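> Submitted below is the structure of interest, expressed as structure tokens.
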Amino acid sequence: MDTSTVSNEAKLIQAAEATAKASANSTSSSSSSSSSSSSLGLSSLANNYTTFLTLLTTQLQHQDPSSPMSSDSFTSELVQFAGTEQQVQTNTNLSTLISLNESSQLSSGSQWIGQVATATSTTLPLQNSSASLSFSATQGQTVAIAVSDSSGKIVKTDTGAAASSTNTWKWDGTDNSGNKLADGAYSVSVKTMDSTGTTSDLPFSVSGTVTGVSKGSSGVVVEMGRASIPVSSVTNFSKASTAATTES
């Protein structure tokens, strides 16, 4: 293997590692902030509504009797008042509808338990020391895969040539030193490089066995062991998958 090939492979691995780390950090920050964003938004709108009402009544109480508020101004402010009230009610009703929809999904979600879920997600579920993902590539195309733990530490990297247009990469849960890692949620990245040395992401999906369904901070999620993935990211539920396999 010549020096340029080694250099390109190292560059490809570094790019995959950087994306996996960024994904881990993004997942960590979003999970800590998304749980309260919706309630804060509605609370803020409700507070604005209350403030508006207070200002309007105060204005009416202290207006100059010799020069009262014109009917046009009063009507305009009442329209704004009604609009704000309607926004509060609309948000409340939407929250109720979303809650009902999530409850319905939770009720029907029991049928998914035990099935294999395929999802478009950077979260890789490691269950019983086994994880897998499928990616699309041109046959023979060089591919690098990097896996990061929740703290952003790279635990596994792998490179190889795509076997076909659709490939499955399997991981036995060991790190680059051969140590067995704990089951859980890991972040993953799949990268390739063109003839000019430019790296790019390859589309991929992860798979895992559904062990439960619950309500997460931003909607209903399917649980795959200790990993949770939004139902909206799941593309398929099945008993088995068929694809060209590359094991690690």
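Labels for the structure tokens follow display order: chains A, B, ..., residues from 1 in each chain, ligands from 1.
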Env of Asp158 in chain A: 8 Å cut, atoms = only C-alpha atoms, seq-sep filter 3 positions within chain, self excluded. Answer as a compact mmCIF listing (two decimals) with N, CA and C atoms, in the first residue's frame.


# COMPACT_ATOMS: atom_id res chain seq x y z
N ILE A 13 -10.89 8.17 7.88
CA ILE A 13 -11.22 7.76 9.25
C ILE A 13 -11.40 8.98 10.15
N ALA A 144 -15.51 4.29 5.42
CA ALA A 144 -15.02 4.32 6.80
C ALA A 144 -16.20 4.48 7.74
N ILE A 145 -16.18 3.73 8.83
CA ILE A 145 -17.24 3.79 9.83
C ILE A 145 -16.60 4.10 11.18
N ALA A 146 -17.20 5.05 11.91
CA ALA A 146 -16.70 5.41 13.24
C ALA A 146 -17.85 5.37 14.23
N SER A 248 -17.58 -6.77 11.55
CA SER A 248 -16.42 -6.26 12.26
C SER A 248 -16.38 -6.92 13.64

> Can you pull out the residues contacting Ala163 in chain A? Cut-off 10 Å, using only C-alpha atoms, and skip same-chain residues under 2 positions away; I want them as number ranges by chain.

A: 137-142, 160-161, 165-168, 244-246

> Got a sec: who's within 12 Å of Thr19 in chain A, counting only C-alpha atoms, leaving out chain neighbours fewer than 2 positions off, as a PyMOL selection string?

chain A and resi 12-17+21-26+122+144-148+152-154+187-191+199-202

> Counting only C-alpha atoms, what is within 12 Å of Gly178 in chain A, bar same-chain residues fewer than 4 positions away, as a PDB file with C-alpha atoms, in the first residue's frame?


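Output file result-v7.pdb follows:
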ATOM      1  CA  VAL A 155     -14.509   3.492  20.523  1.00  0.00           C
ATOM      2  CA  LYS A 156     -14.573   1.766  17.145  1.00  0.00           C
ATOM      3  CA  THR A 157     -13.406   2.491  13.607  1.00  0.00           C
ATOM      4  CA  TRP A 171     -20.412  -4.802  15.200  1.00  0.00           C
ATOM      5  CA  ASP A 172     -19.726  -7.254  18.015  1.00  0.00           C
ATOM      6  CA  GLY A 173     -19.501  -4.537  20.658  1.00  0.00           C
ATOM      7  CA  THR A 174     -15.716  -4.600  21.057  1.00  0.00           C
ATOM      8  CA  SER A 248     -16.422  -6.261  12.265  1.00  0.00           C
TER       9      SER A 248
END

> Please report the interatomic distance between CA of Ala131 in chain A and CA of Ala10 in chain A in Å with one decimal.

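Straight-line distance from CA of Ala131 in chain A to CA of Ala10 in chain A works out to 24.1 Å.
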